[in-house]
$ cat upload_5.txt   # compact mmCIF, C-alpha atoms
# COMPACT_ATOMS: atom_id res chain seq x y z
CA MET R 1 0.00 0.00 0.00
CA TYR R 2 1.40 3.39 -1.03
CA ILE R 3 0.43 6.44 1.01
CA THR R 4 1.27 10.07 0.23
CA ILE R 5 1.14 12.34 3.26
CA VAL R 6 1.07 16.09 2.73
CA GLY R 7 2.32 18.24 5.61
CA CYS R 8 5.06 17.12 7.98
CA GLY R 9 3.91 18.80 11.17
CA ARG R 10 3.11 16.97 14.40
CA LEU R 11 0.25 14.97 12.90
CA GLY R 12 1.85 14.26 9.52
CA SER R 13 5.23 13.21 10.90
CA MET R 14 3.74 10.98 13.59
CA LEU R 15 1.48 9.25 11.11
CA ALA R 16 4.31 8.84 8.59
CA GLU R 17 6.66 7.22 11.10
CA ASP R 18 3.98 4.95 12.51
CA LEU R 19 2.75 3.76 9.11
CA SER R 20 6.29 3.34 7.84
CA ASN R 21 7.21 1.20 10.86
CA ASN R 22 4.20 -0.96 10.06
CA GLY R 23 5.50 -1.71 6.60
CA TYR R 24 3.59 0.77 4.46
CA ASP R 25 5.28 2.69 1.63
CA ILE R 26 5.21 6.34 2.61
CA ALA R 27 6.05 9.57 0.83
CA ILE R 28 5.78 12.80 2.80
CA ILE R 29 5.73 16.37 1.43
CA ASP R 30 6.43 19.66 3.17
CA ARG R 31 7.50 23.04 1.84
CA TYR R 32 9.97 23.52 4.70
CA ALA R 33 13.06 21.33 4.97
CA LYS R 34 13.06 21.98 8.70
CA ASN R 35 9.71 20.24 9.13
CA LEU R 36 10.98 17.18 7.30
CA GLU R 37 13.81 16.95 9.84
CA ILE R 38 11.24 16.14 12.55
CA LEU R 39 11.33 12.64 11.10
CA GLY R 40 14.18 10.73 12.67
CA SER R 41 16.92 9.02 10.68
CA GLY R 42 14.99 5.79 11.22
CA PHE R 43 12.26 6.90 8.82
CA ASN R 44 12.76 5.01 5.58
CA GLY R 45 10.02 6.58 3.48
CA LEU R 46 10.47 9.24 0.82
CA ARG R 47 10.80 12.90 1.88
CA VAL R 48 9.93 15.56 -0.70
CA LYS R 49 10.46 19.26 -0.13
CA GLY R 50 8.27 21.57 -2.16
CA VAL R 51 4.97 23.42 -2.56
CA GLU R 52 2.33 20.94 -1.46
CA PHE R 53 -0.04 21.26 -4.43
CA ASP R 54 2.60 21.60 -7.14
CA ASN R 55 2.17 19.00 -9.88
CA ASP R 56 5.87 18.12 -10.10
CA VAL R 57 6.21 17.81 -6.33
CA LEU R 58 3.17 15.53 -6.10
CA ILE R 59 4.43 13.38 -8.95
CA GLU R 60 7.84 13.11 -7.29
CA ALA R 61 6.03 11.92 -4.17
CA GLY R 62 4.45 9.13 -6.21
CA ILE R 63 0.89 10.45 -6.29
CA LYS R 64 0.27 8.67 -9.59
CA HIS R 65 0.33 5.28 -7.92
CA ALA R 66 -0.77 6.30 -4.42
CA ASP R 67 -3.62 4.33 -2.82
CA TYR R 68 -4.18 7.00 -0.19
CA LEU R 69 -3.53 10.71 0.13
CA ILE R 70 -3.62 12.35 3.53
CA ALA R 71 -3.75 16.17 3.55
CA ALA R 72 -2.49 17.01 7.02
CA THR R 73 -1.05 20.53 6.86
CA PRO R 74 -2.17 23.07 9.47
CA PHE R 75 -3.71 25.20 6.68
CA ASP R 76 -7.23 24.44 5.50
CA ASN R 77 -6.84 26.11 2.12
CA ILE R 78 -3.74 24.07 1.33
CA ASN R 79 -5.45 20.86 2.44
CA ILE R 80 -8.50 21.62 0.27
CA THR R 81 -6.35 22.50 -2.74
CA VAL R 82 -4.21 19.36 -2.39
CA ALA R 83 -7.31 17.20 -1.97
CA LEU R 84 -8.93 18.68 -5.10
CA VAL R 85 -5.77 18.23 -7.16
CA ALA R 86 -5.41 14.63 -5.95
CA LYS R 87 -9.05 13.87 -6.71
CA LYS R 88 -9.62 15.66 -10.00
CA ILE R 89 -6.20 15.58 -11.64
CA PHE R 90 -4.58 12.41 -10.28
CA ASP R 91 -7.63 10.28 -9.47
CA VAL R 92 -6.28 9.10 -6.11
CA PRO R 93 -8.75 6.44 -4.87
CA ARG R 94 -8.90 7.53 -1.20
CA ILE R 95 -8.31 11.03 0.10
CA ILE R 96 -8.64 12.21 3.69
CA ALA R 97 -8.04 15.79 4.80
CA ARG R 98 -7.44 17.23 8.25
CA ILE R 99 -9.78 20.03 9.29
CA ASN R 100 -8.01 22.77 11.25
CA ASP R 101 -10.75 25.32 11.74
CA PRO R 102 -13.97 23.39 12.58
CA GLN R 103 -15.96 26.19 10.89
CA LYS R 104 -14.37 25.20 7.59
CA LYS R 105 -15.99 21.77 7.69
CA ARG R 106 -18.81 23.09 5.50
CA VAL R 107 -16.33 24.04 2.81
CA TYR R 108 -14.77 20.55 2.77
CA ASP R 109 -18.25 19.03 2.73
CA SER R 110 -19.48 21.19 -0.10
CA LEU R 111 -16.48 20.12 -2.19
CA SER R 112 -17.08 16.45 -1.24
CA ILE R 113 -13.74 16.01 0.54
CA ASP R 114 -13.55 13.27 3.17
CA THR R 115 -12.23 14.67 6.46
CA ILE R 116 -11.21 14.07 10.03
CA ASN R 117 -11.84 16.77 12.60
CA PRO R 118 -9.19 16.60 15.37
CA THR R 119 -10.72 19.44 17.39
CA GLU R 120 -14.14 17.82 17.43
CA LEU R 121 -12.60 14.43 18.25
CA SER R 122 -10.60 15.82 21.17
CA ALA R 123 -13.63 17.64 22.50
CA TYR R 124 -15.66 14.46 22.23
CA ILE R 125 -13.04 12.38 24.03
CA LEU R 126 -12.69 14.95 26.79
CA LYS R 127 -16.43 15.09 27.25
CA THR R 128 -16.69 11.28 27.44
CA ARG R 129 -13.92 11.13 30.03
CA ILE R 130 -15.62 13.73 32.17
CA GLU R 131 -18.93 11.92 31.91
CA GLU R 132 -17.29 8.59 32.77
CA ASN R 133 -15.98 10.07 36.00
CA LEU R 134 -19.44 11.21 36.94
CA LYS R 135 -20.81 7.67 36.87
CA MET E 136 -23.87 44.45 -12.08
CA LYS E 137 -22.98 43.14 -8.62
CA SER E 138 -19.44 41.95 -8.09
CA ILE E 139 -17.30 40.76 -5.20
CA ILE E 140 -13.56 41.20 -4.81
CA ILE E 141 -11.60 39.12 -2.32
CA GLY E 142 -8.20 40.42 -1.29
CA GLY E 143 -7.44 44.07 -0.55
CA GLY E 144 -3.84 44.28 -1.68
CA LYS E 145 -2.66 46.54 -4.46
CA ILE E 146 -4.58 44.62 -7.11
CA GLY E 147 -7.77 44.26 -5.08
CA SER E 148 -7.94 47.89 -3.96
CA ASN E 149 -7.19 49.24 -7.43
CA LEU E 150 -9.77 46.94 -8.95
CA LEU E 151 -12.30 48.18 -6.39
CA LYS E 152 -11.55 51.78 -7.34
CA THR E 153 -11.84 51.11 -11.08
CA LEU E 154 -15.08 49.15 -10.83
CA LYS E 155 -16.57 51.80 -8.52
CA GLU E 156 -15.69 54.54 -10.98
CA ARG E 157 -17.46 52.60 -13.70
CA GLY E 158 -20.57 52.48 -11.54
CA TYR E 159 -20.52 48.82 -10.58
CA ASN E 160 -21.96 47.59 -7.31
CA VAL E 161 -18.85 46.16 -5.64
CA THR E 162 -18.09 44.62 -2.26
CA LEU E 163 -14.56 43.95 -1.10
CA ILE E 164 -13.58 41.25 1.40
CA GLU E 165 -10.23 41.56 3.20
CA LYS E 166 -8.85 39.67 6.20
CA ASN E 167 -6.62 42.30 7.72
CA GLU E 168 -8.49 44.92 9.73
CA GLU E 169 -5.82 47.59 9.31
CA VAL E 170 -5.83 47.16 5.54
CA CYS E 171 -9.64 47.40 5.57
CA HIS E 172 -9.51 50.76 7.38
CA LYS E 173 -6.90 52.08 4.98
CA ILE E 174 -8.99 51.21 1.94
CA ALA E 175 -12.14 52.55 3.61
CA ASN E 176 -10.41 55.90 4.09
CA ASP E 177 -9.46 56.03 0.43
CA ILE E 178 -12.50 54.64 -1.31
CA GLU E 179 -16.13 54.88 -0.40
CA ALA E 180 -17.30 51.31 -0.87
CA ASP E 181 -18.69 48.26 0.93
CA ILE E 182 -15.78 46.60 2.69
CA ILE E 183 -16.13 43.48 4.81
CA CYS E 184 -13.38 42.47 7.19
CA GLY E 185 -13.29 38.69 7.09
CA ASP E 186 -12.01 35.46 5.61
CA GLY E 187 -13.05 35.12 1.95
CA THR E 188 -13.12 31.32 2.22
CA ASP E 189 -15.76 31.51 4.95
CA LEU E 190 -19.25 30.79 3.64
CA ASP E 191 -20.90 33.22 6.09
CA VAL E 192 -18.60 36.04 5.04
CA LEU E 193 -19.38 35.39 1.37
CA ASN E 194 -23.08 35.38 2.23
CA ASP E 195 -22.75 38.72 4.01
CA ALA E 196 -21.04 40.13 0.95
CA GLY E 197 -24.14 39.23 -1.05
CA ILE E 198 -22.65 36.46 -3.15
CA LYS E 199 -26.12 35.08 -3.86
CA ASN E 200 -26.93 38.09 -6.01
CA ALA E 201 -23.44 38.55 -7.46
CA ASP E 202 -22.69 38.13 -11.15
CA LEU E 203 -18.95 38.18 -10.85
CA LEU E 204 -16.34 37.21 -8.28
CA ALA E 205 -12.65 38.08 -8.41
CA ALA E 206 -10.29 36.25 -6.03
CA VAL E 207 -7.13 38.34 -5.98
CA THR E 208 -5.35 37.49 -2.73
CA GLY E 209 -1.61 36.82 -2.65
CA LYS E 210 -2.12 33.12 -1.99
CA ASP E 211 -2.94 30.77 -4.84
CA GLU E 212 -4.51 28.12 -2.62
CA GLU E 213 -6.85 30.72 -1.15
CA ASN E 214 -7.90 32.03 -4.57
CA LEU E 215 -8.53 28.48 -5.75
CA VAL E 216 -10.66 27.53 -2.74
CA ILE E 217 -12.70 30.74 -3.07
CA CYS E 218 -13.47 30.10 -6.74
CA GLN E 219 -14.37 26.48 -6.01
CA ILE E 220 -16.89 27.29 -3.28
CA ALA E 221 -18.30 30.22 -5.24
CA LYS E 222 -19.10 27.77 -7.98
CA LYS E 223 -20.17 24.70 -6.02
CA GLU E 224 -21.98 26.31 -3.13
CA PHE E 225 -23.26 29.53 -4.68
CA ARG E 226 -23.32 28.73 -8.42
CA ILE E 227 -21.81 32.06 -9.34
CA LYS E 228 -21.95 32.91 -13.05
CA LYS E 229 -18.37 33.97 -13.43
CA SER E 230 -15.27 33.71 -11.27
CA ILE E 231 -11.83 35.08 -11.96
CA ALA E 232 -8.74 34.04 -9.99
CA ARG E 233 -5.42 35.76 -9.68
CA VAL E 234 -2.59 33.27 -10.01
CA ASN E 235 0.61 34.37 -8.32
CA ASN E 236 2.87 31.55 -9.45
CA PRO E 237 2.61 30.94 -13.23
CA LYS E 238 3.29 27.25 -12.55
CA ASN E 239 -0.15 26.98 -10.97
CA ILE E 240 -2.09 28.21 -14.02
CA ALA E 241 -2.49 24.66 -15.37
CA MET E 242 -3.88 23.49 -12.03
CA PHE E 243 -6.48 26.29 -11.98
CA LYS E 244 -7.54 25.38 -15.52
CA ALA E 245 -7.73 21.66 -14.67
CA LEU E 246 -9.97 22.48 -11.70
CA ASN E 247 -12.33 24.48 -13.95
CA VAL E 248 -11.80 28.02 -12.75
CA ASP E 249 -13.48 30.20 -15.41
CA GLN E 250 -10.68 32.63 -15.90
CA THR E 251 -7.22 33.22 -14.48
CA VAL E 252 -5.00 36.26 -14.52
CA CYS E 253 -1.35 35.79 -13.70
CA SER E 254 0.23 39.13 -12.88
CA THR E 255 3.72 37.62 -12.89
CA GLU E 256 3.22 36.40 -16.43
CA VAL E 257 1.63 39.63 -17.61
CA ILE E 258 4.55 41.65 -16.27
CA ALA E 259 7.08 39.26 -17.81
CA ASN E 260 5.31 39.63 -21.17
CA LEU E 261 5.32 43.41 -20.87
CA ILE E 262 9.04 43.46 -20.17
CA GLU E 263 9.62 41.15 -23.12
CA TYR E 264 7.58 43.54 -25.23
CA GLU E 265 9.79 46.43 -24.08
CA PHE E 266 12.80 44.48 -25.33
CA ASP E 267 11.10 44.00 -28.69
CA ARG E 268 10.44 47.69 -28.82
CA ASP E 269 14.15 48.31 -28.97
CA ILE E 270 14.13 47.14 -32.55
CA CYS E 271 10.85 48.60 -33.68
CA LYS E 272 7.96 50.37 -32.07
CA ILE E 273 4.81 52.28 -32.85
CA VAL E 274 5.36 56.00 -32.46
CA GLN E 275 1.86 57.13 -33.25
CA THR E 276 -1.45 55.38 -33.84
CA PHE E 277 -4.22 56.90 -35.93
CA ASP E 278 -7.81 55.75 -35.83
CA ARG E 279 -7.24 52.72 -33.57
CA GLY E 280 -4.49 51.19 -35.67
CA ALA E 281 -5.93 51.73 -39.14
CA MET E 282 -2.79 53.77 -39.69
CA VAL E 283 0.38 53.71 -37.60
CA LEU E 284 3.73 55.44 -37.73
CA MET E 285 6.44 52.96 -36.83
CA GLU E 286 10.07 53.43 -35.98
CA ILE E 287 12.83 50.91 -36.72
CA LYS E 288 16.24 51.28 -35.11
CA ILE E 289 19.07 50.02 -37.29
CA ASN E 290 21.61 48.21 -35.14
CA ASP E 291 24.45 45.82 -36.05
CA ASN E 292 22.15 42.83 -36.37
CA ASN E 293 19.43 44.45 -38.41
CA CYS E 294 19.01 42.71 -41.76
CA TRP E 295 18.25 46.05 -43.41
CA LEU E 296 21.68 47.47 -42.57
CA ASN E 297 23.40 48.84 -45.71
CA CYS E 298 20.40 47.97 -47.90
CA PHE E 299 18.97 50.39 -50.43
CA ILE E 300 15.32 51.30 -49.98
CA LYS E 301 14.50 50.02 -53.46
CA ASP E 302 15.83 46.54 -52.55
CA LEU E 303 13.74 46.09 -49.39
CA LYS E 304 11.14 43.36 -49.66
CA LEU E 305 8.20 45.19 -48.14
CA PRO E 306 4.54 44.24 -47.84
CA ALA E 307 2.20 46.25 -50.06
CA GLU E 308 0.54 48.13 -47.19
CA CYS E 309 3.47 50.27 -46.11
CA VAL E 310 5.71 53.08 -47.22
CA VAL E 311 9.04 54.40 -45.94
CA ALA E 312 8.29 57.96 -44.91
CA SER E 313 11.61 59.18 -43.62
CA ILE E 314 14.99 58.22 -42.21
CA PHE E 315 16.34 60.06 -39.20
CA ARG E 316 20.14 60.26 -39.30
CA ASN E 317 22.53 62.43 -37.27
CA GLY E 318 19.75 64.69 -36.04
CA GLN E 319 18.39 65.25 -39.54
CA SER E 320 15.38 63.98 -41.41
CA LEU E 321 16.13 62.44 -44.82
CA TYR E 322 13.32 61.99 -47.32
CA ALA E 323 14.18 58.51 -48.45
CA ARG E 324 14.08 57.60 -52.12
CA GLY E 325 14.84 54.26 -53.76
CA ASN E 326 18.54 54.97 -53.92
CA THR E 327 18.83 55.95 -50.24
CA GLN E 328 21.03 53.48 -48.34
CA ILE E 329 20.17 52.49 -44.75
CA MET E 330 23.12 53.09 -42.42
CA LEU E 331 24.02 52.04 -38.87
CA ASP E 332 22.14 53.95 -36.14
CA ASP E 333 19.52 55.18 -38.60
CA ARG E 334 15.95 55.40 -37.45
CA VAL E 335 13.63 54.40 -40.26
CA TYR E 336 10.06 55.71 -40.08
CA MET E 337 7.31 53.93 -41.93
CA ILE E 338 3.61 54.52 -42.41
CA THR E 339 1.59 51.31 -42.29
CA ASN E 340 -1.36 49.68 -40.49
CA HIS E 341 -1.28 47.66 -37.29
CA ALA E 342 -1.45 44.23 -38.91
CA THR E 343 1.42 45.00 -41.26
CA PHE E 344 3.41 46.50 -38.39
CA ILE E 345 3.32 43.10 -36.70
CA LYS E 346 4.40 41.37 -39.91
CA ILE E 347 7.34 43.73 -40.34
CA LYS E 348 8.28 43.37 -36.66
CA ASN E 349 8.26 39.57 -36.88
CA TYR E 350 10.28 39.73 -40.09
CA LEU E 351 12.94 41.88 -38.44
CA LEU E 352 12.94 39.85 -35.20
CA GLY E 353 13.35 36.72 -37.28
CA GLY E 354 16.51 38.18 -38.76
CA GLY E 355 14.99 38.74 -42.20
CA LYS E 356 13.53 35.36 -43.04
CA PRO E 357 11.31 35.77 -46.11
CA TYR E 358 8.12 37.56 -45.22
CA VAL E 359 5.14 35.29 -45.88
CA LYS E 360 2.09 36.97 -47.30
$ encode --input "upload_5.txt" --output "structure tokens"
Amino acid sequence: MYITIVGCGRLGSMLAEDLSNNGYDIAIIDRYAKNLEILGSGFNGLRVKGVEFDNDVLIEAGIKHADYLIAATPFDNINITVALVAKKIFDVPRIIARINDPQKKRVYDSLSIDTINPTELSAYILKTRIEENLK
Amino acid sequence: MKSIIIGGGKIGSNLLKTLKERGYNVTLIEKNEEVCHKIANDIEADIICGDGTDLDVLNDAGIKNADLLAAVTGKDEENLVICQIAKKEFRIKKSIARVNNPKNIAMFKALNVDQTVCSTEVIANLIEYEFDRDICKIVQTFDRGAMVLMEIKINDNNCWLNCFIKDLKLPAECVVASIFRNGQSLYARGNTQIMLDDRVYMITNHATFIKIKNYLLGGGKPYVK
């Protein structure tokens, strides 16, 4: 399974290392070399430095044969743009984007982009924990 | 006509001014509050301080009744997202996006943005045109190009250097009016020879001007009728 991850921040880098350790083929893109250094020397996937939605950068990161694309930058507009490019230009079968500003969920939805919402998830988990303690 | 501009930089604010002057109903959306105040002091127009990719902000700007939307922020991803939601969510008739990096033009086209304007490319083309002008340029235009006075500078590489006027292979729709040499105007006849640093003035029309220009830029390859 080949997975292209866009954005090597806390979420992207953690996911990349974890998946890579579990035997998946990973390529990770970030426009800042410094972010790519977060990955330790143990990471044996492909690191690509460049503008996240640039055609050449995405091709270098193997988007043409990717089974999954994860848009995990901390910028909603970049995640939306990458997801649209992956879907409409490169026909990537599965695309998941990270929502940063929960208010932007409507925009992702209206453009039919599959998402995860870390803020909502954290809030939900916190609420469940609090409620558990009350029992 | 109702239009919405997103991005209050130099392009956005000038566009707002121009459209206002032409009597359009325009609303500008800009993120930065300080920039909003500055524009509001300059131009009397509807300005909304907010994120142009936010559906509520677009609603407030009256996108439902808008005929035209121009996304002219400095970020390509923002302009793309704005045009996409304007189309999908609000079914706007026409959207125009500014593309900052010429490399992204193909992406905007592939994602069906109606029209793109790349200022970087436009400026590059203008500069290229200025280089062309070194060899020949239009000095005066009459009646929107029906007649033009063109100037040709004769440098070392010009294929007309040392030619006699009578030997020039010229299109039918032009005539050599004068040659300017050493601060004097010569009234060129067939036996006048073109010398280095001459400025040759010709009367022609706009279409023939382009043919002559291409002929000279091509180093004198036969002019095709």
$ atom_distance --input "upload_5.txt" --atom1 "CA of Tyr336 in chain E" --atom2 "CA of Ala307 in chain E"
15.8 Å
$ atom_distance --input "upload_5.txt" --atom1 "CA of Leu193 in chain E" --atom2 "CA of Asn55 in chain R"
29.3 Å
$ interface_residues --input "upload_5.txt" --of "chain R" --to "chain E" --cutoff "12 Å" --atoms "only C-alpha atoms" --output "ChimeraX atom specification"
/R:51-57,75-90,101-112
$ atom_distance --input "upload_5.txt" --atom1 "CA of Ala323 in chain E" --atom2 "CA of Phe299 in chain E"
9.6 Å
$ residues_around --input "upload_5.txt" --residues "Ala97 in chain R" --least-positions-apart "6" --cutoff "6 Å" --atoms "only C-alpha atoms" --output "number ranges by chain"
R: 70-71, 115
$ closest_residue --input "upload_5.txt" --among "E:Ile329, E:Ile273, E:Arg316, E:Ile289" --to "Thr343 in chain E" --atoms "all atoms listed in the file"
E:Ile273
$ closest_residue --input "upload_5.txt" --among "E:Ala312, E:Leu284, E:Met330, E:Cys218" --to "Lys244 in chain E" --atoms "all atoms listed in the file"
E:Cys218
$ residues_near_point --input "upload_5.txt" --point "(-19.4, 47.7, -0.4)" --cutoff "9 Å" --atoms "only C-alpha atoms" --output "list in words"
Ile139, Asn160, Val161, Thr162, Leu163, Ile164, Glu179, Ala180, Asp181, Ile182, Ile183 and Ala196 of chain E
$ write_last_selection --input "upload_5.txt" --atoms "C-alpha atoms" --output "mmCIF file, in the frame of the given file"
data_model
loop_
_atom_site.group_PDB
_atom_site.id
_atom_site.type_symbol
_atom_site.label_atom_id
_atom_site.label_comp_id
_atom_site.auth_asym_id
_atom_site.auth_seq_id
_atom_site.Cartn_x
_atom_site.Cartn_y
_atom_site.Cartn_z
ATOM 1 C CA ILE E 139 -17.300 40.760 -5.200
ATOM 2 C CA ASN E 160 -21.960 47.590 -7.310
ATOM 3 C CA VAL E 161 -18.850 46.160 -5.640
ATOM 4 C CA THR E 162 -18.090 44.620 -2.260
ATOM 5 C CA LEU E 163 -14.560 43.950 -1.100
ATOM 6 C CA ILE E 164 -13.580 41.250 1.400
ATOM 7 C CA GLU E 179 -16.130 54.880 -0.400
ATOM 8 C CA ALA E 180 -17.300 51.310 -0.870
ATOM 9 C CA ASP E 181 -18.690 48.260 0.930
ATOM 10 C CA ILE E 182 -15.780 46.600 2.690
ATOM 11 C CA ILE E 183 -16.130 43.480 4.810
ATOM 12 C CA ALA E 196 -21.040 40.130 0.950
#
$ residues_near_point --input "upload_5.txt" --point "(2.8, 32.6, -11.0)" --cutoff "10 Å" --atoms "all atoms listed in the file" --output "count of residues only"
15
$ residues_around --input "upload_5.txt" --residues "Arg47 in chain R" --least-positions-apart "3" --cutoff "9 Å" --atoms "all atoms listed in the file" --output "count of residues only"
8
$ residues_around --input "upload_5.txt" --residues "Gly185 in chain E" --least-positions-apart "4" --cutoff "7 Å" --atoms "all atoms listed in the file" --output "ChimeraX atom specification"
/E:164-166,192
$ decode --input "upload_5.txt" --residues "range 93-117 of chain R" --atoms "N, CA and C atoms" --output "JSON list (two decimals), in the first residue's frame"
[["chain", "number", "residue", "atom", "x", "y", "z"],
["R", 93, "PRO", "N", -7.52, 7.12, -5.30],
["R", 93, "PRO", "CA", -8.75, 6.44, -4.87],
["R", 93, "PRO", "C", -9.30, 6.91, -3.51],
["R", 94, "ARG", "N", -8.40, 7.13, -2.52],
["R", 94, "ARG", "CA", -8.90, 7.53, -1.20],
["R", 94, "ARG", "C", -8.16, 8.77, -0.73],
["R", 95, "ILE", "N", -8.92, 9.78, -0.35],
["R", 95, "ILE", "CA", -8.31, 11.03, 0.10],
["R", 95, "ILE", "C", -8.94, 11.43, 1.43],
["R", 96, "ILE", "N", -8.11, 11.73, 2.41],
["R", 96, "ILE", "CA", -8.64, 12.21, 3.69],
["R", 96, "ILE", "C", -7.90, 13.49, 4.06],
["R", 97, "ALA", "N", -8.65, 14.52, 4.43],
["R", 97, "ALA", "CA", -8.04, 15.79, 4.80],
["R", 97, "ALA", "C", -8.28, 16.08, 6.27],
["R", 98, "ARG", "N", -7.33, 16.83, 6.85],
["R", 98, "ARG", "CA", -7.44, 17.23, 8.25],
["R", 98, "ARG", "C", -8.08, 18.61, 8.30],
["R", 99, "ILE", "N", -9.14, 18.72, 9.10],
["R", 99, "ILE", "CA", -9.78, 20.03, 9.29],
["R", 99, "ILE", "C", -9.06, 20.76, 10.42],
["R", 100, "ASN", "N", -8.64, 21.98, 10.20],
["R", 100, "ASN", "CA", -8.01, 22.77, 11.25],
["R", 100, "ASN", "C", -9.02, 23.65, 11.96],
["R", 101, "ASP", "N", -9.73, 24.46, 11.18],
["R", 101, "ASP", "CA", -10.75, 25.32, 11.74],
["R", 101, "ASP", "C", -12.10, 24.62, 11.57],
["R", 102, "PRO", "N", -12.72, 24.17, 12.69],
["R", 102, "PRO", "CA", -13.97, 23.39, 12.58],
["R", 102, "PRO", "C", -15.04, 24.10, 11.74],
["R", 103, "GLN", "N", -14.98, 25.44, 11.70],
["R", 103, "GLN", "CA", -15.96, 26.19, 10.89],
["R", 103, "GLN", "C", -15.82, 25.90, 9.40],
["R", 104, "LYS", "N", -14.63, 25.45, 9.02],
["R", 104, "LYS", "CA", -14.37, 25.20, 7.59],
["R", 104, "LYS", "C", -14.93, 23.86, 7.12],
["R", 105, "LYS", "N", -15.49, 23.09, 8.05],
["R", 105, "LYS", "CA", -15.99, 21.77, 7.69],
["R", 105, "LYS", "C", -16.99, 21.86, 6.53],
["R", 106, "ARG", "N", -17.80, 22.92, 6.57],
["R", 106, "ARG", "CA", -18.81, 23.09, 5.50],
["R", 106, "ARG", "C", -18.18, 23.22, 4.13],
["R", 107, "VAL", "N", -17.00, 23.87, 4.10],
["R", 107, "VAL", "CA", -16.33, 24.04, 2.81],
["R", 107, "VAL", "C", -15.85, 22.69, 2.29],
["R", 108, "TYR", "N", -15.21, 21.90, 3.17],
["R", 108, "TYR", "CA", -14.77, 20.55, 2.77],
["R", 108, "TYR", "C", -15.97, 19.74, 2.30],
["R", 109, "ASP", "N", -17.06, 19.82, 3.07],
["R", 109, "ASP", "CA", -18.25, 19.03, 2.73],
["R", 109, "ASP", "C", -18.81, 19.44, 1.37],
["R", 110, "SER", "N", -18.87, 20.74, 1.15],
["R", 110, "SER", "CA", -19.48, 21.19, -0.10],
["R", 110, "SER", "C", -18.63, 20.79, -1.31],
["R", 111, "LEU", "N", -17.33, 20.56, -1.10],
["R", 111, "LEU", "CA", -16.48, 20.12, -2.19],
["R", 111, "LEU", "C", -16.26, 18.60, -2.17],
["R", 112, "SER", "N", -17.11, 17.92, -1.36],
["R", 112, "SER", "CA", -17.08, 16.45, -1.24],
["R", 112, "SER", "C", -15.70, 15.90, -0.89],
["R", 113, "ILE", "N", -15.04, 16.51, 0.08],
["R", 113, "ILE", "CA", -13.74, 16.01, 0.54],
["R", 113, "ILE", "C", -13.95, 15.30, 1.88],
["R", 114, "ASP", "N", -13.45, 14.06, 1.95],
["R", 114, "ASP", "CA", -13.55, 13.27, 3.17],
["R", 114, "ASP", "C", -12.59, 13.86, 4.21],
["R", 115, "THR", "N", -13.05, 13.98, 5.47],
["R", 115, "THR", "CA", -12.23, 14.67, 6.46],
["R", 115, "THR", "C", -12.17, 13.96, 7.80],
["R", 116, "ILE", "N", -11.16, 14.34, 8.60],
["R", 116, "ILE", "CA", -11.21, 14.07, 10.03],
["R", 116, "ILE", "C", -11.13, 15.43, 10.72],
["R", 117, "ASN", "N", -11.74, 15.50, 11.91],
["R", 117, "ASN", "CA", -11.84, 16.77, 12.60],
["R", 117, "ASN", "C", -11.22, 16.65, 13.99]]
